[in-house]
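Heads up: the structure comes next, in structure tokens.
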Amino acid sequence: MDQFQLSGLDIGIMLAYAVLIIGYGIYHGKRDSSEDYFLAGRGMTWPIVGIALFSANISSSTLIGLAGDAYKTNIHVYNYEWFAVVVLIFFAIFFLPFYLKSGVYTMPEFLEKRYDRKSRYYFSFITIVGNVMVDTAAGLYVGSIVLKLLFPALPSWQIILMLAIAAAAYTIPGGLNSVIQTEVIQAILLVIGSCLLTYFAFQEFGGGWGDMMAALTERLQSGSVASVEAARAAGHFAPSTAEEAFSLVRPGNDEFMPWYGLLTGVPLLGFYFWANNQFMVQRVLGARDLNHGRWGALFAGLLKLPVIFIMVVPGVLALLVYNDLDISGLNYITADGTPCQDLSECANLTYPVLLMQLLPSGILGLVVAGLLAAMMSSVSATFNSASTLITMDFVRNIKPDMTSKQLVRAGQIATIILVVLAAAWVPFIEKVSDSLWQYLQLVISYTAPPAVATFVLGLFWKRASARGSIVSLLFGFVFAVIMLILKVYVGGLPEGEAPAGWIAALTDIHFLTMAFIMWILCLIVHALVSLSSPAPTEEQVNSLTWNRRLFREETEELRSLPWYQNYRYLAIILLLITSVVVGYFW
């Protein structure tokens, strides 16, 4: 396979789209006050909230990650997608009312109201670091992959910097409203592009769903799928039929996601991502009211369900059609410095290869523009959320006399700094993991557990104290640092040299299980310290802790709404739809 070539029509479409989307974002910008800039004036309706959540989540890194893992037969990566429905329903019922009623700009600000300023500063710092290392850097990494294949003569650092500047171009002037308005457009283009790619992939394959399943079984049993054979040789689960490959529940020796990881780590990471992460929650904080926030969250969950058909299945079709494709002509250099020979060596190229091999001129330019738009969407979203944290959690507290416009200016400066930091981190991603999706989940699995423990106990246990919160957060931080050091140490050992027994025992624990263990330990530490320290004030407990009285009051309020506006009925319907989809692949 030679280097990719775009037609003049494709390049023209991409340039036109870039100009239009940046102009559209700037036109819809709001920056008259800090509330306008950071929360879009709190006036978003439920369709905008839902699509913005979906678009910010289904980013370019998700597209690359899902297709890449599907190519390696890790189709149960879809568990992260459908479980979002369950998490979003829980979020809409319990957490969202407290977030909106408290009037906070950020999740760390909520922790200050429930606990104290120490917890706020710690969580804000960790969230900013996570935004740079996970969301922003991963988005820039994906953009650099695509553009490096299209323009191989350009150095990687120039591509990364160009992408970062483009994403910041409308984020810095216009704030969250610019981000949200462009996300809606880009989400529509994203879904259309994914549907087109799936259609052309089936056309290239030359059959339908049943034919795909039969061909996948034949390919698996032929021993020609490198990732499956490598798993079998290492003693891990290796699917031998298409039904096993598409099963969402895998045995305990599955390397990617064993069944116990689905029950423990996946809900935990999902809860952090959807209910505690400033990057996502900020979209709901900008909702017009509580009902629009809840409807938007449920709508986002509904949009997640078709992902397996339009974003996962193309990776499976790539395995069937392009398993033997020689891509050395692309001259894509892997982390060890050697050119990639086929997709089994660099599965992250699966989605770009599908685009370039299948789509006709014109449509290719539009879909590549959509892929880069998704990258810009996620990057701009993290720029805005991280700058919100820096401004509202640090700058405003250091200089409380600053005006709204001065706070906006501080947020714009913070965004520029984040652009530089995120771009500098991109080259390290492939050194952590050859699977982009696994990199994303691995980093979150070490940062999420302490935060989730603090939020859960703070909302549901009146005795949870400020001292218990900060001690458990710091405990989780130290634990995570130790584990990361051990991981790096084991990874750096010479081939054939084994680590000490206790080190091997710790580092061999699956990261989803380790995340759950960390969470349990943080809960215990938080509870023990809280019981041995002064209780929180009545003001903190009464207004920011869930109780049955609130549920009864809400029930009375919902009686005046028709069933189709009652989020509880909508949540039940959404759960039923989810159970049908998941049950089919179970």
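Ordering of the structure tokens sets the chain letters (A, B, ...), residue numbers begin anew at 1 in every chain, and ligands are numbered from 1 in the order given.
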### Task
Any chance you could list, as a count of residues only, the residues in region 226-368 of chain A that come up alpha helix (DSSP H) when DSSP is run on the backbone?
73
#### Entry: Test item: residues at most 6 Å from Gln341 (chain A), only C-alpha atoms, excluding those fewer than 5 positions along its chain, as a list in words
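After dropping sequence-adjacent residues, the list is Asp326, Ile327 and Ser328 of chain A.
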### Message
Give me, as a PyMOL selection string, all polymer residues having an atom no more than 12 Å from Gly270 (chain A), counting only C-alpha atoms and skipping those fewer than 5 positions away in the same chain.
### Response
chain A and resi 57+79-91+262-265+275-277+280+441+444-445+448-449+452+512+515
So which residues touch region 11-15 of chain A within 7 Å, counting only C-alpha atoms, skipping near sequence neighbours fewer than 5 positions away, as an mmCIF file with all heavy atoms, in the first residue's frame?
```cif
data_model
loop_
_atom_site.group_PDB
_atom_site.id
_atom_site.type_symbol
_atom_site.label_atom_id
_atom_site.label_comp_id
_atom_site.auth_asym_id
_atom_site.auth_seq_id
_atom_site.Cartn_x
_atom_site.Cartn_y
_atom_site.Cartn_z
ATOM 1 N N LEU A 6 -4.745 12.517 -1.352
ATOM 2 C CA LEU A 6 -6.040 13.185 -1.371
ATOM 3 C C LEU A 6 -6.191 13.945 -2.689
ATOM 4 O O LEU A 6 -5.237 14.553 -3.171
ATOM 5 C CB LEU A 6 -6.164 14.161 -0.205
ATOM 6 C CG LEU A 6 -6.343 13.568 1.192
ATOM 7 C CD1 LEU A 6 -6.370 14.684 2.220
ATOM 8 C CD2 LEU A 6 -7.612 12.740 1.282
ATOM 9 N N GLY A 365 -12.960 13.363 1.692
ATOM 10 C CA GLY A 365 -12.625 14.659 2.268
ATOM 11 C C GLY A 365 -13.578 15.050 3.374
ATOM 12 O O GLY A 365 -13.167 15.587 4.413
ATOM 13 N N LEU A 366 -14.878 14.762 3.170
ATOM 14 C CA LEU A 366 -15.880 15.112 4.176
ATOM 15 C C LEU A 366 -15.678 14.298 5.453
ATOM 16 O O LEU A 366 -15.740 14.836 6.566
ATOM 17 C CB LEU A 366 -17.285 14.872 3.620
ATOM 18 C CG LEU A 366 -18.450 15.318 4.495
ATOM 19 C CD1 LEU A 366 -18.427 16.825 4.687
ATOM 20 C CD2 LEU A 366 -19.775 14.877 3.887
ATOM 21 N N ALA A 369 -12.525 15.250 7.249
ATOM 22 C CA ALA A 369 -12.830 16.501 7.947
ATOM 23 C C ALA A 369 -13.613 16.214 9.227
ATOM 24 O O ALA A 369 -13.377 16.839 10.263
ATOM 25 C CB ALA A 369 -13.634 17.427 7.035
#
```
#### Entry: Contacts of region 295-300 of chain A within 9 Å, only C-alpha atoms, excl. fewer than 5 positions in-chain, as a ChimeraX atom specification
/A:45-55,84-85,88-89,91-92,284,287,290,565-567,570-571,574
### Query
region 304-319 of chain A: which residues within 8 Å, counting only C-alpha atoms, same-chain residues fewer than 3 positions away excluded, as an NGL selection string?
:A and (54 or 63 or 66-73 or 75 or 78 or 81-82 or 84-85 or 191 or 194-195 or 197-198 or 201-202 or 205 or 212 or 300-301 or 322-323 or 350-351 or 354 or 578 or 581)
